[in-house]
Each structure stands twice: as structure tokens, then as C-alpha cells.
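Beneath this line is the structure, given in C-alpha cells, with notes to follow.
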Amino acid sequence: MNAPLDSLPTARRPKLSSLPMLPAMTVEILRLVEDPASTIDDLNRVISRDPSLSCRLLKVVNSSFYGLSRQVASVSRAISILGLQATRNLAIVASMVKIFEVGGHSELHRTLVENLWRHATATAAAAKLVADTLRFGRADELFLAGLIHDVGIIGELHSDRTRFLDAVKMCGPDADGNPQRNLMDAEVELFGDEHSSFGGMLCEEWRFPNSLCEIVGNHHRPLDVCSSNRGSTCLIAIADIMAAGLPAGFRLDYLALDCPDTLLEEVRLDRKDYDEIRERLVREVDEITAVFS
């Protein structure tokens with residue numbers, strides 16, 4: 001079992017030579033939401049300064065998938081309906097696409113980043129669907145956790161693109177994208193650790209809430225989590241497997257795509273509901289990806 005990142009001595013923590021930076025707007029939104037003196041008007045002023053972010057936020061809020069009963073025409077109205085915490089999460093979602101803009105010209109690199117973004121949005125959608133089905137609560141935070149769960153891969157791409165692409169090649173995916181070796185084993189060999197650990201480190205660097213850091217850092221070992229986030233981490237693991245099994249899904253970190261009963265039992269999701277959510281995801285994944293593109 002890997003130790004939580006914040007418990008590791010500095011010398012033993014996974015290292016990358018460079019880390020992607022959060023967009024300045026996202027950093028400011030995080031600061032505002034954590035400030036108890038902040039108001040909806042403060043958040044509205046910040047988001048409204050960025051037309052691209054404003055449009056993307058409204059696009060997400062008004063998507064049929066998100067499920068509001070009426071269309072929202074202004075950022076201030078969206079914030080008043082959703083509240084500060086949910087708006088923070090959606091603003092991070094809306095700005096996260098910039099983190100996935102990792103330069104590169106090879107066909108393998110372009111295809112990989114496109115597949116990662118599609119997988120990220122599909123996992124986020126699956127997490128929200130499962131959370132809604134179970135009346136789990138924290139659906140917005142789980143949506144965000146699903147979106148950023150593989151952000152450690154983006155960290156690896158920023159740090160050493162060539163080395164990460166070598167890790168992908170070591171997995172020897174066949175024509176159908178099925179890996180012959182688990183990506184995490186290749187990452188450990190080439191980077192010294194695997195992407196969930198790097199993702200947890202990135203979330204810490206970005207000063208994300210501790211719950212998100214723990215979920216992202218442990219989504220491949222959710223049953224090892226001993227805190228109150230165990231159920232949430234298991235839910236993200238379920239969503240990750242579900243999304244990996246979609247047609248053309250990113251699945252280099254899963255040699256098998258069967259969701260273990262132990263995960264379903266942990267969140268009390270029965271197999272019938274799992275299959276129904278996955279079928280809905282198959283039908284709607286293109287629409288979901290378009291909303292967040």
C-alpha cells in the first residue's frame with residue numbers, strides 16, 4: 001500500500017521535473033471561495049472578467065446532463081442557484097481544459113491527449129450519475145474528482161513527454177486499445193511512481209481541498225483509504241472503470257474491465273444499476289464530451 005502523500009518524507013515523495021500551473025483565474029476563484037468574507041457578487045465579478053470561462057460555465061450549467069429545470073442566462077444567476085462551493089467546482093471544471101493543452105505534434109501524443117480528455121469527462125459524468133443514483137451527496141465535488149482523477153498523467157506529460165510516451169509504448173496496446181501491460185507498472189519503472197500519486201501531489205500543490213487530494217491520489221487503491229473519503233474514492237474508482245470500458249475508452253491502466261464486487265458493495269451500488277448507468281453513458285458520452293470540449 002502506498003502511503004498518503006502528505007505523510008511521505010520529502011525525499012521519498014514522487015518527483016516530476018516540472019508541474020502544470022493552474023490558470024490564474026482558477027487560483028483566484030479558489031481563494032475567493034475559501035475566504036469566508038467572499039460573496040456571490042465577488043465571485044461573479046471574477047468569473048465575468050473572463051468571457052471564455054463565463055461561456056463555458058453557462059454551457060456546463062445549462063447542459064441537459066447537469067439537469068437544472070430551467071435555462072440560466074447569467075453567471076450571477078448560475079452562482080445564486082448553485083451556491084459558492086458548486087460554482088467553484090464547475091469553474092474548475094470549465095477551466096481544466098487548459099490543463100489538458102499539452103503541446104506536441106506526434107499523432108500518438110495528440111490521440112493520447114484527446115482520449116484522456118474524453119475519458120476525464122466520461123469519468124466525471126459517470127461519477128455524477130452514480131452519486132445521483134445513490135443519493136450520495138457531494139455530486140459536484142465527485143464530478144470534479146472524476147474530471148481530474150488522471151491529472152497525474154498530464155503532470156507526467158508536462159514533465160517529460162517523451163518518457164511518458166515511452167511508458168505508453170511499453171504497454172503495447174493492440175489495435176483495439178487493449179493493453180498488454182499495465183500503464184502503472186511502466187510509470188513506476190520510468191518515473192519512479194504512478195499517475196495517481198503524482199495526481200495527489202498536483203492537487204496538493206494547487207491547494208485543492210484535502211478530500212480531492214485524497215480521492216485523486218488513491219483512486220487506484222480506494223479500499224486502502226481509511227478516512228471518511230473511502231466511499232467517495234471507491235465511487236470514483238467505479239466511474240473510472242465504467243468510463244474505461246466505453247468504446248475507444250482510455251484503459252491503459254486496466255488490464256481487466258470487470259468492476260470488482262468489493263467496490264460496488266462499498267458504495268452499495270447493485271450490479272443492475274451499474275449496468276444501467278454504463279448503458280446511459282454509452283448513449284450520451286459524445287454529447288457529454290461536446291459539452292465540456
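Going by the C-alpha cells order, chains are called A, B, ..., each with residues numbered from 1, while ligands are numbered from 1 in the order shown.
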Residues within 10 Å of Ile92 in chain A, only C-alpha atoms, excluding chain neighbours under 6 positions, as a PDB file with C-alpha atoms, in the first residue's frame:
```pdb
ATOM      1  CA  LEU A  22      -3.499  26.183 -12.666  1.00  0.00           C
ATOM      2  CA  PRO A  23      -4.909  29.083 -14.709  1.00  0.00           C
ATOM      3  CA  MET A  25      -8.440  32.733 -12.855  1.00  0.00           C
ATOM      4  CA  THR A  26      -8.944  29.335 -11.224  1.00  0.00           C
ATOM      5  CA  VAL A  27      -6.472  30.202  -8.467  1.00  0.00           C
ATOM      6  CA  ILE A  29     -11.706  31.570  -7.659  1.00  0.00           C
ATOM      7  CA  LEU A  30     -10.294  29.036  -5.188  1.00  0.00           C
ATOM      8  CA  LEU A  53     -14.785  30.919 -18.769  1.00  0.00           C
ATOM      9  CA  LEU A  57     -19.569  27.735 -17.185  1.00  0.00           C
ATOM     10  CA  ALA A  86     -20.730  24.103  -6.525  1.00  0.00           C
ATOM     11  CA  LEU A 144     -14.824  17.372 -10.313  1.00  0.00           C
ATOM     12  CA  LEU A 147     -12.671  15.017 -14.187  1.00  0.00           C
ATOM     13  CA  ILE A 148      -9.241  15.397 -12.582  1.00  0.00           C
TER      14      ILE A 148
END
```
Legend entry - Contacts of Arg45 in chain A at 12 Å (only C-alpha atoms; same-chain gap of 3+ positions) as a count of residues only: 18
Please build the interface table for range 113-159 of chain A against range 280-283 of chain A with a cut-off of 9 Å, listing for each qualifying residue the nearest atom pair and the distance in Å to one decimal; count only C-alpha atoms, order rows by chain and increasing number, and write it as a tab-separated table.
```
residue	atom	partner	partner_atom	distance
A:Ala122	CA	A:Leu281	CA	7.4
A:Ala125	CA	A:Leu281	CA	7.7
A:Ala126	CA	A:Leu281	CA	6.8
A:Leu129	CA	A:Leu281	CA	8.8
```
Quick one: contact table of range 85-120 of chain A to range 150-157 of chain A, 12 Å max, nearest atom pair and distance in Å to one decimal per residue, counting only C-alpha atoms, chain and number order, as a tab-separated table?
```
residue	atom	partner	partner_atom	distance
A:Met96	CA	A:Val151	CA	9.7
A:Val97	CA	A:Val151	CA	11.1
A:Lys98	CA	A:Ile154	CA	11.0
A:Ile99	CA	A:Ile154	CA	7.5
A:Phe100	CA	A:Ile154	CA	6.6
A:Glu101	CA	A:Ile154	CA	9.0
A:Val102	CA	A:Leu157	CA	7.1
A:Gly103	CA	A:Leu157	CA	9.1
A:Gly104	CA	A:Leu157	CA	9.6
A:His109	CA	A:Leu157	CA	9.2
A:Arg110	CA	A:Leu157	CA	11.6
A:Leu112	CA	A:Leu157	CA	10.3
A:Val113	CA	A:Ile154	CA	8.5
A:Glu114	CA	A:Ile154	CA	11.7
A:Asn115	CA	A:Asp150	CA	11.7
A:Leu116	CA	A:Asp150	CA	8.0
A:Trp117	CA	A:Asp150	CA	9.6
A:Arg118	CA	A:Asp150	CA	11.6
A:His119	CA	A:Asp150	CA	9.0
A:Ala120	CA	A:Asp150	CA	7.3
```
Using the selection just defined, write its residues with N, CA and C atoms as an mmCIF file, in the first residue's frame.
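Below you can see out-v3.cif, which holds the result:
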```
data_model
loop_
_atom_site.group_PDB
_atom_site.id
_atom_site.type_symbol
_atom_site.label_atom_id
_atom_site.label_comp_id
_atom_site.auth_asym_id
_atom_site.auth_seq_id
_atom_site.Cartn_x
_atom_site.Cartn_y
_atom_site.Cartn_z
ATOM 1 N N MET A 96 -10.417 23.601 -16.540
ATOM 2 C CA MET A 96 -9.473 22.479 -16.537
ATOM 3 C C MET A 96 -9.043 22.078 -17.948
ATOM 4 N N VAL A 97 -9.857 22.412 -18.943
ATOM 5 C CA VAL A 97 -9.486 22.058 -20.318
ATOM 6 C C VAL A 97 -8.127 22.636 -20.674
ATOM 7 N N LYS A 98 -7.767 23.789 -20.077
ATOM 8 C CA LYS A 98 -6.475 24.404 -20.384
ATOM 9 C C LYS A 98 -5.319 23.558 -19.866
ATOM 10 N N ILE A 99 -5.558 22.844 -18.766
ATOM 11 C CA ILE A 99 -4.511 21.982 -18.217
ATOM 12 C C ILE A 99 -4.186 20.851 -19.189
ATOM 13 N N PHE A 100 -5.193 20.443 -19.973
ATOM 14 C CA PHE A 100 -5.003 19.337 -20.900
ATOM 15 C C PHE A 100 -4.379 19.788 -22.220
ATOM 16 N N GLU A 101 -4.093 21.079 -22.367
ATOM 17 C CA GLU A 101 -3.478 21.576 -23.587
ATOM 18 C C GLU A 101 -1.969 21.436 -23.495
ATOM 19 N N VAL A 102 -1.501 20.209 -23.651
ATOM 20 C CA VAL A 102 -0.077 19.893 -23.575
ATOM 21 C C VAL A 102 0.462 19.821 -24.989
ATOM 22 N N GLY A 103 1.386 20.717 -25.306
ATOM 23 C CA GLY A 103 1.883 20.799 -26.673
ATOM 24 C C GLY A 103 2.538 19.524 -27.152
ATOM 25 N N GLY A 104 2.406 19.251 -28.440
ATOM 26 C CA GLY A 104 3.016 18.066 -29.023
ATOM 27 C C GLY A 104 2.523 17.880 -30.440
ATOM 28 N N HIS A 109 0.817 11.388 -29.529
ATOM 29 C CA HIS A 109 0.592 12.368 -28.465
ATOM 30 C C HIS A 109 -0.777 13.013 -28.597
ATOM 31 N N ARG A 110 -1.132 13.459 -29.791
ATOM 32 C CA ARG A 110 -2.432 14.114 -29.992
ATOM 33 C C ARG A 110 -3.573 13.163 -29.661
ATOM 34 N N LEU A 112 -3.484 10.581 -27.702
ATOM 35 C CA LEU A 112 -3.474 10.297 -26.276
ATOM 36 C C LEU A 112 -4.183 11.399 -25.493
ATOM 37 N N VAL A 113 -3.865 12.666 -25.764
ATOM 38 C CA VAL A 113 -4.469 13.769 -25.025
ATOM 39 C C VAL A 113 -5.966 13.852 -25.306
ATOM 40 N N GLU A 114 -6.358 13.638 -26.563
ATOM 41 C CA GLU A 114 -7.788 13.637 -26.893
ATOM 42 C C GLU A 114 -8.515 12.530 -26.140
ATOM 43 N N ASN A 115 -7.912 11.346 -26.089
ATOM 44 C CA ASN A 115 -8.533 10.226 -25.373
ATOM 45 C C ASN A 115 -8.592 10.488 -23.867
ATOM 46 N N LEU A 116 -7.557 11.145 -23.335
ATOM 47 C CA LEU A 116 -7.549 11.456 -21.906
ATOM 48 C C LEU A 116 -8.662 12.429 -21.549
ATOM 49 N N TRP A 117 -8.872 13.445 -22.394
ATOM 50 C CA TRP A 117 -9.937 14.415 -22.114
ATOM 51 C C TRP A 117 -11.310 13.750 -22.209
ATOM 52 N N ARG A 118 -11.490 12.918 -23.223
ATOM 53 C CA ARG A 118 -12.754 12.199 -23.362
ATOM 54 C C ARG A 118 -12.973 11.288 -22.151
ATOM 55 N N HIS A 119 -11.910 10.628 -21.718
ATOM 56 C CA HIS A 119 -12.020 9.747 -20.558
ATOM 57 C C HIS A 119 -12.311 10.549 -19.293
ATOM 58 N N ALA A 120 -11.681 11.715 -19.164
ATOM 59 C CA ALA A 120 -11.900 12.548 -17.982
ATOM 60 C C ALA A 120 -13.363 12.982 -17.899
#
```
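Residue nearest Gly231 in chain A within the list A:Ser63, A:Ser18, A:Ser211, A:Thr162: A:Ser211 [criterion: smallest interatomic distance, only C-alpha atoms].
All residues of protein, DNA or RNA that reach within 10 Å of Ser64 in chain A, judged by only C-alpha atoms and not counting those fewer than 6 positions away in the chain, are A:Arg70, A:Gln71, A:Glu287, A:Ile288, A:Val291.
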Go ahead and dump the residues you just picked, C-alpha atoms, as a PDB file, in the first residue's frame.
```
ATOM      1  CA  ARG A  70     -34.649  25.998 -16.411  1.00  0.00           C
ATOM      2  CA  GLN A  71     -32.038  27.697 -18.561  1.00  0.00           C
ATOM      3  CA  GLU A 287     -22.925  14.688 -26.030  1.00  0.00           C
ATOM      4  CA  ILE A 288     -21.198  14.875 -22.657  1.00  0.00           C
ATOM      5  CA  VAL A 291     -20.468  19.983 -23.589  1.00  0.00           C
TER       6      VAL A 291
END
```
Legend entry - Residue set, range 158-230 of chain A restricted to helix (DSSP H, G or I), as a PyMOL selection string: chain A and resi 158-159+161-170+183-191+195-205+210-217+222-224+230
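With distances restricted to only C-alpha atoms, A:Val61 is the closest residue to Ala73 in chain A from A:Ala237, A:Val61, A:Arg31, A:Asp160.
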Legend entry - Coordinates-based distance that separates CA of Met201 in chain A from CA of Asn218 in chain A (Å, one decimal): 11.1 Å
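Proximity to Thr87 in chain A was assessed for A:Asn62, A:Asn44, A:Asn178, A:Ser52 counting only C-alpha atoms; the smallest distance is recorded for A:Asn44.
One finds CA of Asp174 in chain A at 29.3 Å from CA of Ala145 in chain A.
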Inset, instruction - Show which residues sit within 9 Å of Leu223 in chain A, as a PyMOL selection string. Count only C-alpha atoms, and ignore same-chain residues fewer than 6 positions away. - result: chain A and resi 230-231+233-234+262-263+266
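Distances to Phe191 in chain A were evaluated for A:Leu16, A:Val168, A:Ala78, A:Cys55 using only C-alpha atoms, and the minimum falls at A:Leu16.
For the residues A:Val72, A:Met21, A:Leu165, A:Leu84, ranking by smallest atom-to-atom distance to Leu43 in chain A using only C-alpha atoms places A:Leu84 first.
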Inset, instruction - For Ser232 in chain A, list every protein, DNA or RNA residue within 8 Å, evaluated using only C-alpha atoms, and leave out those in the same chain fewer than 3 positions away; present the list as a list in words. - result: Leu142, Ile215, Asn229, Leu235 and Ile236 of chain A
Selection from above, C-alpha atoms, as a CSV table (one decimal), in the first residue's frame, can you write it?
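Generated file (part09.csv):
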```
chain,number,residue,atom,x,y,z
A,142,LEU,CA,-17.4,13.9,-7.2
A,215,ILE,CA,-9.5,10.8,-3.8
A,229,ASN,CA,-13.4,9.7,1.9
A,235,LEU,CA,-17.1,5.7,-6.3
A,236,ILE,CA,-14.5,7.4,-8.4
```
Inset, instruction - Do a neighbour search on range 257-260 of chain A at 12 Å with only C-alpha atoms, toss out local chain neighbours closer than 5 positions, and write the hits as a VMD selection string. - result: chain A and resid 178 to 179 222 to 223 234 to 246 249 to 252 265 to 267 269 to 271 274 to 275 278
Limited to N, CA and C atoms, could you put the picked residues into a file as a PDB file, in the first residue's frame?
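Writing done, so here's out_22.pdb:
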```
ATOM      1  N   ASN A 178      -6.419  -2.491 -26.278  1.00  0.00           N
ATOM      2  CA  ASN A 178      -6.273  -3.307 -25.081  1.00  0.00           C
ATOM      3  C   ASN A 178      -4.802  -3.390 -24.672  1.00  0.00           C
ATOM      4  N   PRO A 179      -4.463  -3.024 -23.439  1.00  0.00           N
ATOM      5  CA  PRO A 179      -3.059  -3.026 -23.026  1.00  0.00           C
ATOM      6  C   PRO A 179      -2.552  -4.439 -22.781  1.00  0.00           C
ATOM      7  N   PRO A 222      -8.583   2.349  -3.789  1.00  0.00           N
ATOM      8  CA  PRO A 222      -9.620   3.001  -2.967  1.00  0.00           C
ATOM      9  C   PRO A 222      -9.925   2.272  -1.667  1.00  0.00           C
ATOM     10  N   LEU A 223      -9.787   0.967  -1.660  1.00  0.00           N
ATOM     11  CA  LEU A 223     -10.122   0.221  -0.446  1.00  0.00           C
ATOM     12  C   LEU A 223      -9.056   0.386   0.635  1.00  0.00           C
ATOM     13  N   CYS A 234     -13.928   5.085  -3.658  1.00  0.00           N
ATOM     14  CA  CYS A 234     -14.442   3.882  -4.324  1.00  0.00           C
ATOM     15  C   CYS A 234     -15.390   4.260  -5.454  1.00  0.00           C
ATOM     16  N   LEU A 235     -16.206   5.286  -5.233  1.00  0.00           N
ATOM     17  CA  LEU A 235     -17.143   5.717  -6.274  1.00  0.00           C
ATOM     18  C   LEU A 235     -16.388   6.195  -7.502  1.00  0.00           C
ATOM     19  N   ILE A 236     -15.302   6.960  -7.311  1.00  0.00           N
ATOM     20  CA  ILE A 236     -14.514   7.422  -8.444  1.00  0.00           C
ATOM     21  C   ILE A 236     -13.841   6.248  -9.150  1.00  0.00           C
ATOM     22  N   ALA A 237     -13.383   5.268  -8.392  1.00  0.00           N
ATOM     23  CA  ALA A 237     -12.788   4.076  -8.998  1.00  0.00           C
ATOM     24  C   ALA A 237     -13.808   3.355  -9.877  1.00  0.00           C
ATOM     25  N   ILE A 238     -15.039   3.266  -9.395  1.00  0.00           N
ATOM     26  CA  ILE A 238     -16.116   2.641 -10.177  1.00  0.00           C
ATOM     27  C   ILE A 238     -16.356   3.424 -11.459  1.00  0.00           C
ATOM     28  N   ALA A 239     -16.439   4.748 -11.339  1.00  0.00           N
ATOM     29  CA  ALA A 239     -16.668   5.591 -12.517  1.00  0.00           C
ATOM     30  C   ALA A 239     -15.521   5.473 -13.508  1.00  0.00           C
ATOM     31  N   ASP A 240     -14.301   5.362 -13.002  1.00  0.00           N
ATOM     32  CA  ASP A 240     -13.116   5.228 -13.852  1.00  0.00           C
ATOM     33  C   ASP A 240     -13.182   3.938 -14.661  1.00  0.00           C
ATOM     34  N   ILE A 241     -13.519   2.837 -14.013  1.00  0.00           N
ATOM     35  CA  ILE A 241     -13.632   1.556 -14.709  1.00  0.00           C
ATOM     36  C   ILE A 241     -14.752   1.605 -15.736  1.00  0.00           C
ATOM     37  N   MET A 242     -15.868   2.218 -15.354  1.00  0.00           N
ATOM     38  CA  MET A 242     -17.006   2.332 -16.253  1.00  0.00           C
ATOM     39  C   MET A 242     -16.617   3.098 -17.526  1.00  0.00           C
ATOM     40  N   ALA A 243     -15.928   4.231 -17.346  1.00  0.00           N
ATOM     41  CA  ALA A 243     -15.522   5.051 -18.484  1.00  0.00           C
ATOM     42  C   ALA A 243     -14.456   4.347 -19.321  1.00  0.00           C
ATOM     43  N   ALA A 244     -13.560   3.617 -18.665  1.00  0.00           N
ATOM     44  CA  ALA A 244     -12.506   2.899 -19.391  1.00  0.00           C
ATOM     45  C   ALA A 244     -13.088   1.848 -20.321  1.00  0.00           C
ATOM     46  N   GLY A 245     -14.257   1.324 -19.969  1.00  0.00           N
ATOM     47  CA  GLY A 245     -14.883   0.280 -20.767  1.00  0.00           C
ATOM     48  C   GLY A 245     -15.713   0.780 -21.928  1.00  0.00           C
ATOM     49  N   LEU A 246     -15.811   2.107 -22.096  1.00  0.00           N
ATOM     50  CA  LEU A 246     -16.565   2.658 -23.218  1.00  0.00           C
ATOM     51  C   LEU A 246     -15.831   2.383 -24.532  1.00  0.00           C
ATOM     52  N   GLY A 249     -12.434   3.843 -25.151  1.00  0.00           N
ATOM     53  CA  GLY A 249     -12.114   4.433 -23.859  1.00  0.00           C
ATOM     54  C   GLY A 249     -10.639   4.277 -23.521  1.00  0.00           C
ATOM     55  N   PHE A 250     -10.116   5.203 -22.707  1.00  0.00           N
ATOM     56  CA  PHE A 250      -8.731   5.115 -22.258  1.00  0.00           C
ATOM     57  C   PHE A 250      -8.652   4.073 -21.149  1.00  0.00           C
ATOM     58  N   ARG A 251      -7.873   3.021 -21.380  1.00  0.00           N
ATOM     59  CA  ARG A 251      -7.867   1.927 -20.413  1.00  0.00           C
ATOM     60  C   ARG A 251      -6.487   1.303 -20.220  1.00  0.00           C
ATOM     61  N   LEU A 252      -5.440   2.085 -20.465  1.00  0.00           N
ATOM     62  CA  LEU A 252      -4.097   1.536 -20.317  1.00  0.00           C
ATOM     63  C   LEU A 252      -3.768   1.170 -18.883  1.00  0.00           C
ATOM     64  N   GLU A 265     -20.028  -3.065  -3.447  1.00  0.00           N
ATOM     65  CA  GLU A 265     -20.552  -3.266  -2.088  1.00  0.00           C
ATOM     66  C   GLU A 265     -20.200  -2.096  -1.170  1.00  0.00           C
ATOM     67  N   GLU A 266     -19.036  -1.521  -1.379  1.00  0.00           N
ATOM     68  CA  GLU A 266     -18.587  -0.412  -0.523  1.00  0.00           C
ATOM     69  C   GLU A 266     -19.521   0.789  -0.636  1.00  0.00           C
ATOM     70  N   VAL A 267     -20.044   1.035  -1.841  1.00  0.00           N
ATOM     71  CA  VAL A 267     -20.945   2.187  -2.023  1.00  0.00           C
ATOM     72  C   VAL A 267     -22.413   1.764  -2.106  1.00  0.00           C
ATOM     73  N   LEU A 269     -23.921  -0.068  -4.455  1.00  0.00           N
ATOM     74  CA  LEU A 269     -24.455   0.016  -5.812  1.00  0.00           C
ATOM     75  C   LEU A 269     -24.632  -1.399  -6.342  1.00  0.00           C
ATOM     76  N   ASP A 270     -25.857  -1.768  -6.715  1.00  0.00           N
ATOM     77  CA  ASP A 270     -26.041  -3.133  -7.206  1.00  0.00           C
ATOM     78  C   ASP A 270     -25.649  -3.215  -8.676  1.00  0.00           C
ATOM     79  N   ARG A 271     -25.409  -4.428  -9.128  1.00  0.00           N
ATOM     80  CA  ARG A 271     -24.895  -4.658 -10.475  1.00  0.00           C
ATOM     81  C   ARG A 271     -25.882  -4.179 -11.541  1.00  0.00           C
ATOM     82  N   TYR A 274     -25.446  -0.495 -11.893  1.00  0.00           N
ATOM     83  CA  TYR A 274     -24.158  -0.276 -12.546  1.00  0.00           C
ATOM     84  C   TYR A 274     -24.308  -0.431 -14.061  1.00  0.00           C
ATOM     85  N   ASP A 275     -24.942  -1.505 -14.484  1.00  0.00           N
ATOM     86  CA  ASP A 275     -25.099  -1.765 -15.919  1.00  0.00           C
ATOM     87  C   ASP A 275     -25.979  -0.701 -16.576  1.00  0.00           C
ATOM     88  N   ARG A 278     -23.951   2.482 -16.966  1.00  0.00           N
ATOM     89  CA  ARG A 278     -22.971   2.325 -18.040  1.00  0.00           C
ATOM     90  C   ARG A 278     -23.650   2.410 -19.414  1.00  0.00           C
TER      91      ARG A 278
END
```
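Comparing the minimum interatomic distances between Glu276 in chain A and each of A:Val130, A:Met170, A:Leu202, A:Cys226, counting only C-alpha atoms, we find that A:Val130 sits nearest.
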